[in-house]
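In what follows, a single structure is set out as structure tokens and then discussed.
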Amino acid sequence: MAEIVSLADAVAELVRDGDVVALEGFTHLIPVAAGHEIIRQRRRDLTLVRMTPDIVYDQLIGAGCARKLIFSWGGNPGVGSLHRFRDAVQNGWPEPLEIEEHSHAGMANRYVAGASGLPFAVLRGYTGTDLASVTSTIKQITCPFTGERLAAVPAINADVSIIHAQRADRAGNVQLWGLVGVQKEAVLAAKRSLVTVEEVVDELEPVDGGIVLPSWAVTRVAEVPGGAHPSYAQGYSERDNGYYAEWDPISRDRAEFEKWLERTRTTGVPA
Amino acid sequence: MAEIVSLADAVAELVRDGDVVALEGFTHLIPVAAGHEIIRQRRRDLTLVRMTPDIVYDQLIGAGCARKLIFSWGGNPGVGSLHRFRDAVQNGWPEPLEIEEHSHAGMANRYVAGASGLPFAVLRGYTGTDLASVTSTIKQITCPFTGERLAAVPAINADVSIIHAQRADRAGNVQLWGLVGVQKEAVLAAKRSLVTVEEVVDELEPVDGGIVLPSWAVTRVAEVPGGAHPSYAQGYSERDNGYYAEWDPISRDRAEFEKWLERTRTTGVPA
Amino acid sequence: MSTATTELTYTSDEMMSIAAARALSAGQRCFVGIGLPSTAANVARRSHAPDLVLIYESGALGAKPDRLPASIGDGILAETADAVVSVPEVFNYWLQPGRIDVGFLGAAQLDKFGNINTTVIGDDYANPVVRLPGAGGAPEIAASCHEVYVIVRQSKRSFVDRVDFVTSFGHGRGNGDRARLGLPGAGPTLVITDLGVYRPDEHTSELTLTALHPGVTVEQVREATGWQLRVADELARTPAPTSDELAVLRALKEAS
Amino acid sequence: MSTATTELTYTSDEMMSIAAARALSAGQRCFVGIGLPSTAANVARRSHAPDLVLIYESGALGAKPDRLPASIGDGILAETADAVVSVPEVFNYWLQPGRIDVGFLGAAQLDKFGNINTTVIGDDYANPVVRLPGAGGAPEIAASCHEVYVIVRQSKRSFVDRVDFVTSFGHGRGNGDRARLGLPGAGPTLVITDLGVYRPDEHTSELTLTALHPGVTVEQVREATGWQLRVADELARTPAPTSDELAVLRALKEAS
């Protein structure tokens with residue numbers, strides 16, 4: 001059963017140096033506050049997994065938390081590039097970043113395999129692309145019935161997956177709705193999981209299109225209102241498009257970034 | 001886009017002698033009226049697919065519509081055996097019935113593969129059982145990353161899948177809720193599909209736990225209130241437990257069954 | 001058959017259901033088939049294990065029915081569940097990865113190593129003496145749950161030396177067969193019948209009588225067993241149903 | 001850059017978006033990326049193709065936004081969709097089996113055979129000159145949709161002889177490469193830039209200029225193309241945006 005704790009306690013307990021960590025949320029419900037807490041707790045050598053690494057991964061990479069990134073699309077949505085990510089890949093700053101690069105279809109299926117307790121997933125993917133030549137976790141497999149060749153990708157089973165959801169009840173059952181992305185799969189695939197929520201309520205009233213993750217499938221829940229900011233939480237808060245735009249000049253400049261990092265580390269309040 | 005037609009026209013158009021036909025609905029929302037229409041139109045040599053063949057498949061088998069059954073559990077839920085099914089398997093009456101037998105996990109994954117445009121699915125299944133020795137559509141496959149051996153099953157892509165749902169709108173978008181079983185997968189896996197619905201409405205109001213199949217993923221919709229009887233349609237009608245009990249003596253006796261069959265064929269109204 | 005105690009009258013089926021209910025512990029996640037397993041699990045949930053998590057293969061996670069569901073697709077399962085998922089999801093995301101503590105299964109035939117047959121009676125699959133319903137979810141429930149409890153009415157026909165067809169793998173021919181096949185769960189660790197309780201021997205995995213229900217003798221049990229039955233050195237006696245237990249069971253049945 | 005016609009002033013980006021919108025037909029199912037593809041698809045839906053089905057990789061099937069979504073995960077997509085599904089489902093059940101007519105993609109580099117690069121600029125993947133965002137959904141969109149339309153701002157840097165990295169397969173090196181690889185869709189059948197319109201040659205699959213936007217010359221196009229460009233015998237002229245088209249486009253942008 002998921003225990004309800006503070007965000008700081010949850011990160012301290014669940015995220016360890018060297019872990020494989022997945023923060024998921026497909027543009028909606030991104031667990032940004034949890035990412036900032038990882039930065040504040042100065043985790044190191046993480047393998048960060050995320051289909052769409054965006055600002056919070058740019059921040060984690062710039063802060064030196066990561067040694068590797070597993071992903072399928074890394075950008076500042078609607079704005080442009082992730083400059084801390086670029087600086088790490090192109091210049092090794094603040095340290096070299098190993099990358100393992102897939103397509104969305106491949107990443108989604110890696111989580112599905114992980115959630116399903118299977119070692120790999122099969123898809124029609126990567127055909128003719130150069131991805132298979134640079135990514136060792138893309139292989140081929142032959143259908144035992146038709147002889148057809150398809151792509152195979154290994155399961156992702158993170159040490160800890162972190163997502164943000166709208167609500168949990170006091171027993172730790174988690175409810176989310178709107179675009180739910182790959183969050184259920186990310187949580188079910190992981191050894192441990194943390195869900196930050198907008199609020200803890202007495203009862204989870206049903207919501208159109210809502211899904212529920214039973215308490216027994218989640219390790220820890222932390223109440224973090226606004227924990228997805230600057231992304232949005234449908235029914236609670238809008239996307240802060242200004243933040244995405246303002247991130248660009250900060251990210252472009254190491255000195256500006258370091259000021260941001262210092263602020264984030266010391267104030268305890270995400271800039 | 002799904003055209004809205006009568007049940008008789010839909011069956012006449014979509015279901016052909018010799019077809020692979022899947023009627024799905026996991027105890028809930030069983031498309032029984034459509035099955036009776038297939039009996040009335042005297043289709044022959046069908047390969048019938050269904051995870052849980054129950055009364056309506058007993059009837060189709062007894063009526064001589066089927067030459068093969070692909071399934072994972074065949075019984076009269078809460079009552080006992082399917083005697084027409086037994087009679088066909090044990091005595092070849094009214095004609096021999098070939099069977100291809102899986103587990104629920106295997107069948108569900110065969111539909112998933114079919115819906116996904118993949119030739120096969122991988123699962124942890126059948127290990128140590130005798131099913132693999134009697135069913136040629138169970139094979140083994142080796143994980144290209146770990147070397148582990150797993151089960152593989154081929155996709156099911158029926159010529160036509162038939163399901164029953166609560167509602168459709170006039171554009172042919174289909175909405176169902178409650179226990180939704182494997183219906184979405186069955187429809188998406190099939191070359192053609194028919195959805196019978198309790199009612200056609202102007203607008204599909206959202207429903208807790210509801211799913212929508214877009215009109216462009218469905219071939220035909222027919223309005224058939226009570227089309228799931230004696231199973232139930234959540235929000236519309238209850239399960240008719242008496243019918244299940246009363247089926248037992250009819251099914252046990254060829255003469256009783258033939259009376260039922262004659263009634264069904266002539267009246268046009270399912271007994 | 002009914003058995004009289006000092007105060008209470010109950011059937012051997014009631015004793016069986018209540019014994020099975022007692023085997024379930026608070027907080028367990030239990031994958032439940034319809035019929036005897038569902039009855040037992042719901043009695044447990046409404047007596048000593050209120051937070052028992054019932055999972056039905058129709059896609060209901062954490063169902064809390066206040067009557068016995070008439071079928072695996074009974075609407076009360078969806079209406080009372082913590083979450084409702086598709087059938088592929090229940091097998092792939094919830095059962096297969098080993099998230100379920102106890103799989104509760106019935107059987108048409110059960111053999112001395114806990115293998116289950118629900119497919120055919122007779123040696124020839126193509127020409128069976130009796131065609132049974134088939135596998136359903138059982139093969140993967142038996143493989144993936146941490147433990148399997150089997151509940152079955154006992155007779156020489158159902159309790160056999162070797163099943164005619166292995167629908168669901170128990171302990172094979174014993175002695176580490178499960179581990180050799182790489183099966184993740186422990187397999188059948190408990191069998192409950194209308195006569196008594198059985199557990200696999202820790203060395204050979206052969207089912208061994210460990211408890212007799214009230215009024216039942218070892219003699220009677222042997223007569224209803226199709227192999228040379230082993231009896232535990234310390235043979236227990238199942239406590240008779242309490243009036244509370246019977247009240248819960250009968251209220252559930254009446255509501256249905 | 002802006003271009004004057006007799007009455008209307010519009011930018012080359014507006015011309016590009018409107019030309020792309022015109023390419024979409026009523027009733028088509030269109031898999032849409034954010035940015036230029038989303039703009040074009042929404043203009044089409046709000047003008048000549050009101051029943052265009054927009055599918056976003058975030059899981060919105062049949063989204064009907066009344067403003068341009070700010071990101072692929074914009075709430076307006078879920079709120080206006082016919083159905084919202086998970087990300088694995090959108091790729092596995094909807095894209096992969098070939099249910100989508102048109103995949104609308106952008107590109108950082110596009111080569112003369114319609115191959116797309118959104119991964120790295122430079123020859124050394126491990127030490128790129130510029131690290132780009134990566135693949136996203138594009139490789140499988142390019143593989144599985146019946147057709148692919150590419151929309152890209154044209155320059156010698158973006159319109160190259162051979163992409164540095166094949167993120168999404170177009171026509172390979174031409175001449176049946178797609179069929180040889182067993183790719184189900186037809187690949188890029190249309191490329192729309194701020195200068196003109198291109199289609200693959202039916203024999204060689206090499207992109208060929210088939211239409212010029214108003215005021216653009218072949219000379220200008222050649223200067224913005226990194227290979228020896230072929231020009232169709234019958235070179236068309238794109239009609240200028242109508243005031244209605246511009247009104248729809250600008251209303252969408254303003255609402256965002």
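Just remember, in the structure tokens the first chain shown is A, the second B, etc., residues are 1-based per chain, and ligands are 1-based in the order shown.
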
Contacts from chain C to chain A, 10 Å maximum, only C-alpha atoms: show me the residue list as a ChimeraX atom specification. /C:27-29,53,61-62,82-85,89-99

At a cut-off of 9 Å, can you tabulate as CSV every residue of chain B near chain A together with its closest atom pair and the distance in Å to one decimal, using only C-alpha atoms and ordering rows by chain then number?
```
residue,atom,partner,partner_atom,distance
B:Ser116,CA,A:Leu123,CA,8.7
B:Gly117,CA,A:Arg124,CA,8.4
B:Leu118,CA,A:Leu123,CA,7.2
B:Pro119,CA,A:Cys143,CA,6.9
B:Phe120,CA,A:Cys143,CA,6.6
B:Ala121,CA,A:Val122,CA,7.8
B:Val122,CA,A:Ala121,CA,7.8
B:Leu123,CA,A:Leu118,CA,7.2
B:Arg124,CA,A:Leu118,CA,7.5
B:Thr137,CA,A:Phe145,CA,8.1
B:Lys139,CA,A:Pro144,CA,7.1
B:Gln140,CA,A:Pro144,CA,7.7
B:Ile141,CA,A:Pro144,CA,7.1
B:Thr142,CA,A:Ile141,CA,8.8
B:Cys143,CA,A:Phe120,CA,6.6
B:Pro144,CA,A:Ile141,CA,7.1
B:Phe145,CA,A:Pro154,CA,6.6
B:Thr146,CA,A:Pro119,CA,7.1
B:Glu148,CA,A:Pro119,CA,7.9
B:Leu150,CA,A:Leu118,CA,8.7
B:Ala152,CA,A:Pro144,CA,7.5
B:Val153,CA,A:Phe145,CA,8.2
B:Pro154,CA,A:Phe145,CA,6.6
B:Pro206,CA,A:Asp208,CA,6.3
B:Val207,CA,A:Asp208,CA,6.3
B:Asp208,CA,A:Asp208,CA,5.2
B:Gly209,CA,A:Gly209,CA,6.3
B:Gly210,CA,A:Gly209,CA,7.1
B:Ile211,CA,A:Gly209,CA,8.0
```

How would the residues just chosen look if you wrote them out with C-alpha atoms as a CSV table (one decimal), in the first residue's frame?
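After the write, out_23.csv holds the following:
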```csv
chain,number,residue,atom,x,y,z
B,116,SER,CA,-1.7,-3.9,-33.3
B,117,GLY,CA,-1.0,-5.1,-36.8
B,118,LEU,CA,1.5,-7.5,-35.6
B,119,PRO,CA,1.7,-11.2,-36.7
B,120,PHE,CA,2.2,-12.5,-33.2
B,121,ALA,CA,2.2,-11.8,-29.5
B,122,VAL,CA,4.6,-12.8,-26.7
B,123,LEU,CA,3.5,-13.9,-23.2
B,124,ARG,CA,4.5,-15.9,-20.2
B,137,THR,CA,-0.8,-22.1,-32.6
B,139,LYS,CA,5.0,-21.8,-30.1
B,140,GLN,CA,8.1,-20.7,-28.3
B,141,ILE,CA,10.2,-17.6,-28.9
B,142,THR,CA,13.6,-16.5,-27.5
B,143,CYS,CA,14.2,-13.0,-26.1
B,144,PRO,CA,17.0,-11.5,-28.2
B,145,PHE,CA,18.3,-9.6,-25.2
B,146,THR,CA,18.1,-12.1,-22.3
B,148,GLU,CA,14.8,-16.3,-22.1
B,150,LEU,CA,8.6,-17.3,-23.8
B,152,ALA,CA,4.3,-16.9,-28.8
B,153,VAL,CA,0.8,-17.0,-30.2
B,154,PRO,CA,-0.4,-15.7,-33.7
B,206,PRO,CA,-19.3,11.0,-21.4
B,207,VAL,CA,-19.8,8.1,-19.0
B,208,ASP,CA,-17.5,7.0,-16.2
B,209,GLY,CA,-15.1,4.4,-17.4
B,210,GLY,CA,-16.5,4.6,-20.9
B,211,ILE,CA,-14.5,4.0,-24.1
```

Would you list the contacts of Gly178 in chain A as a ChimeraX atom specification, taking every protein, DNA or RNA residue within 12 Å and counting only C-alpha atoms, but skipping same-chain residues closer than 4 positions in sequence? /A:25-29,165-166,183,207-211,232-236 /D:58-60,73-81,83-87

Emit the selected residues as a PDB file, in the first residue's frame, including C-alpha atoms.
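That gives us result.pdb:
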```
ATOM      1  CA  GLY A  25       4.165  12.716 -18.231  1.00  0.00           C
ATOM      2  CA  PHE A  26       3.612  13.306 -21.925  1.00  0.00           C
ATOM      3  CA  THR A  27       3.672  17.149 -21.875  1.00  0.00           C
ATOM      4  CA  HIS A  28       0.736  16.954 -19.450  1.00  0.00           C
ATOM      5  CA  LEU A  29       1.275  16.195 -15.722  1.00  0.00           C
ATOM      6  CA  ALA A 165      -1.407  12.937 -10.901  1.00  0.00           C
ATOM      7  CA  GLN A 166      -4.428  14.999 -10.017  1.00  0.00           C
ATOM      8  CA  GLN A 183       2.322   6.975 -16.848  1.00  0.00           C
ATOM      9  CA  VAL A 207     -13.967  11.500 -13.566  1.00  0.00           C
ATOM     10  CA  ASP A 208     -14.560  11.171 -17.320  1.00  0.00           C
ATOM     11  CA  GLY A 209     -11.654   9.389 -18.882  1.00  0.00           C
ATOM     12  CA  GLY A 210     -10.011   8.932 -15.507  1.00  0.00           C
ATOM     13  CA  ILE A 211      -7.829   5.987 -14.585  1.00  0.00           C
ATOM     14  CA  TYR A 232      -0.366  21.649 -16.553  1.00  0.00           C
ATOM     15  CA  ALA A 233      -2.686  19.457 -14.542  1.00  0.00           C
ATOM     16  CA  GLN A 234      -6.032  19.146 -16.274  1.00  0.00           C
ATOM     17  CA  GLY A 235      -8.779  20.375 -13.961  1.00  0.00           C
ATOM     18  CA  TYR A 236      -6.263  22.155 -11.688  1.00  0.00           C
TER      19      TYR A 236
ATOM     20  CA  SER D  58      -0.343  12.209 -27.083  1.00  0.00           C
ATOM     21  CA  GLY D  59      -3.440  10.027 -27.456  1.00  0.00           C
ATOM     22  CA  ALA D  60      -6.147  12.333 -28.808  1.00  0.00           C
ATOM     23  CA  GLY D  73      -0.113  17.584 -24.592  1.00  0.00           C
ATOM     24  CA  ASP D  74      -2.356  20.648 -24.622  1.00  0.00           C
ATOM     25  CA  GLY D  75      -5.539  19.965 -22.668  1.00  0.00           C
ATOM     26  CA  ILE D  76      -7.707  21.174 -25.513  1.00  0.00           C
ATOM     27  CA  LEU D  77      -6.774  18.049 -27.448  1.00  0.00           C
ATOM     28  CA  ALA D  78      -8.166  15.698 -24.814  1.00  0.00           C
ATOM     29  CA  GLU D  79     -11.179  17.895 -24.142  1.00  0.00           C
ATOM     30  CA  THR D  80     -12.304  17.987 -27.788  1.00  0.00           C
ATOM     31  CA  ALA D  81     -11.311  14.483 -28.913  1.00  0.00           C
ATOM     32  CA  ALA D  83     -11.546   9.355 -27.813  1.00  0.00           C
ATOM     33  CA  VAL D  84      -8.483   9.720 -25.616  1.00  0.00           C
ATOM     34  CA  VAL D  85      -6.159   6.746 -25.388  1.00  0.00           C
ATOM     35  CA  SER D  86      -2.781   6.042 -23.836  1.00  0.00           C
ATOM     36  CA  VAL D  87       0.421   6.735 -25.712  1.00  0.00           C
TER      37      VAL D  87
END
```

How would you write, as a VMD selection string, the set of residues in range 27-130 of chain C that DSSP gives as strand (DSSP E or B)? chain C and resid 29 to 32 53 to 56 60 to 63 83 to 84 102 to 105 109 to 111 116 to 117 120 to 121 130

8 Å contact set for Leu7 in chain B, only C-alpha atoms, chain neighbours under 6 positions out, as a list in words: Ala34, Glu37, Thr196, Ala222, Glu223 and Val224 of chain B

Selected residues, C-alpha atoms, written as a PDB file, in the first residue's frame, please.
```
ATOM      1  CA  ALA B  34     -26.453 -10.920 -33.843  1.00  0.00           C
ATOM      2  CA  GLU B  37     -29.430 -13.538 -36.877  1.00  0.00           C
ATOM      3  CA  THR B 196     -25.093  -3.706 -32.239  1.00  0.00           C
ATOM      4  CA  ALA B 222     -27.184  -1.695 -35.950  1.00  0.00           C
ATOM      5  CA  GLU B 223     -29.628  -0.511 -33.318  1.00  0.00           C
ATOM      6  CA  VAL B 224     -30.767  -3.628 -31.438  1.00  0.00           C
TER       7      VAL B 224
END
```

If we count only C-alpha atoms and set the cut-off at 7 Å, which residues sit around Ala143 in chain D, ignoring sequence neighbours fewer than 5 positions away in its own chain? Please answer as a PyMOL selection string. chain D and resi 183-185+187

Selection file, N, CA, C and O atoms, as a PDB file, in the first residue's frame:
```pdb
ATOM      1  N   LEU D 183       8.040  -1.709 -46.151  1.00  0.00           N
ATOM      2  CA  LEU D 183       7.300  -0.636 -45.474  1.00  0.00           C
ATOM      3  C   LEU D 183       5.903  -0.526 -46.068  1.00  0.00           C
ATOM      4  O   LEU D 183       5.743  -0.470 -47.286  1.00  0.00           O
ATOM      5  N   PRO D 184       4.881  -0.504 -45.223  1.00  0.00           N
ATOM      6  CA  PRO D 184       3.518  -0.569 -45.749  1.00  0.00           C
ATOM      7  C   PRO D 184       3.048   0.698 -46.456  1.00  0.00           C
ATOM      8  O   PRO D 184       2.364   0.614 -47.466  1.00  0.00           O
ATOM      9  N   GLY D 185       3.407   1.879 -45.955  1.00  0.00           N
ATOM     10  CA  GLY D 185       2.892   3.119 -46.533  1.00  0.00           C
ATOM     11  C   GLY D 185       3.686   3.549 -47.758  1.00  0.00           C
ATOM     12  O   GLY D 185       4.744   3.001 -48.069  1.00  0.00           O
ATOM     13  N   GLY D 187       5.093   6.418 -48.143  1.00  0.00           N
ATOM     14  CA  GLY D 187       6.163   7.368 -47.813  1.00  0.00           C
ATOM     15  C   GLY D 187       5.802   8.777 -48.222  1.00  0.00           C
ATOM     16  O   GLY D 187       4.639   9.081 -48.524  1.00  0.00           O
TER      17      GLY D 187
END
```

Need to verify the contact set: Gly35 in chain B, 10 Å, only C-alpha atoms, exclusion of same-chain residues closer than 3 positions in sequence. Can you return it as a ChimeraX atom specification? /B:11,23,30-32,38-41,56-57,59-60,162,227-228,270

Residues within 9 Å of range 126-136 of chain C, only C-alpha atoms, excluding chain neighbours under 4 positions, as a PyMOL selection string: (chain B and resi 51-52+71-76+80-82+85-87+89-91+101-105+131+134) or (chain C and resi 108+117-122+167-168)

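For range 27-115 of chain D, the set of residues given alpha helix (DSSP H) by DSSP on the backbone reads Leu36, Pro37, Ser38, Thr39, Ala40, Ala41, Asn42, Val43, Ala44, Arg45, Gly75, Ile76, Leu77, Ala78, Glu79, Thr80, Val87, Pro88 and Glu89 of chain D.
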
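For the pair CA of Val218 in chain D and CA of Phe159 in chain D, the interatomic distance is 14.7 Å.
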
From the list D:Tyr125, D:Phe113, D:Phe165, D:Tyr149, the nearest residue to Thr208 in chain D using only C-alpha atoms is D:Phe113
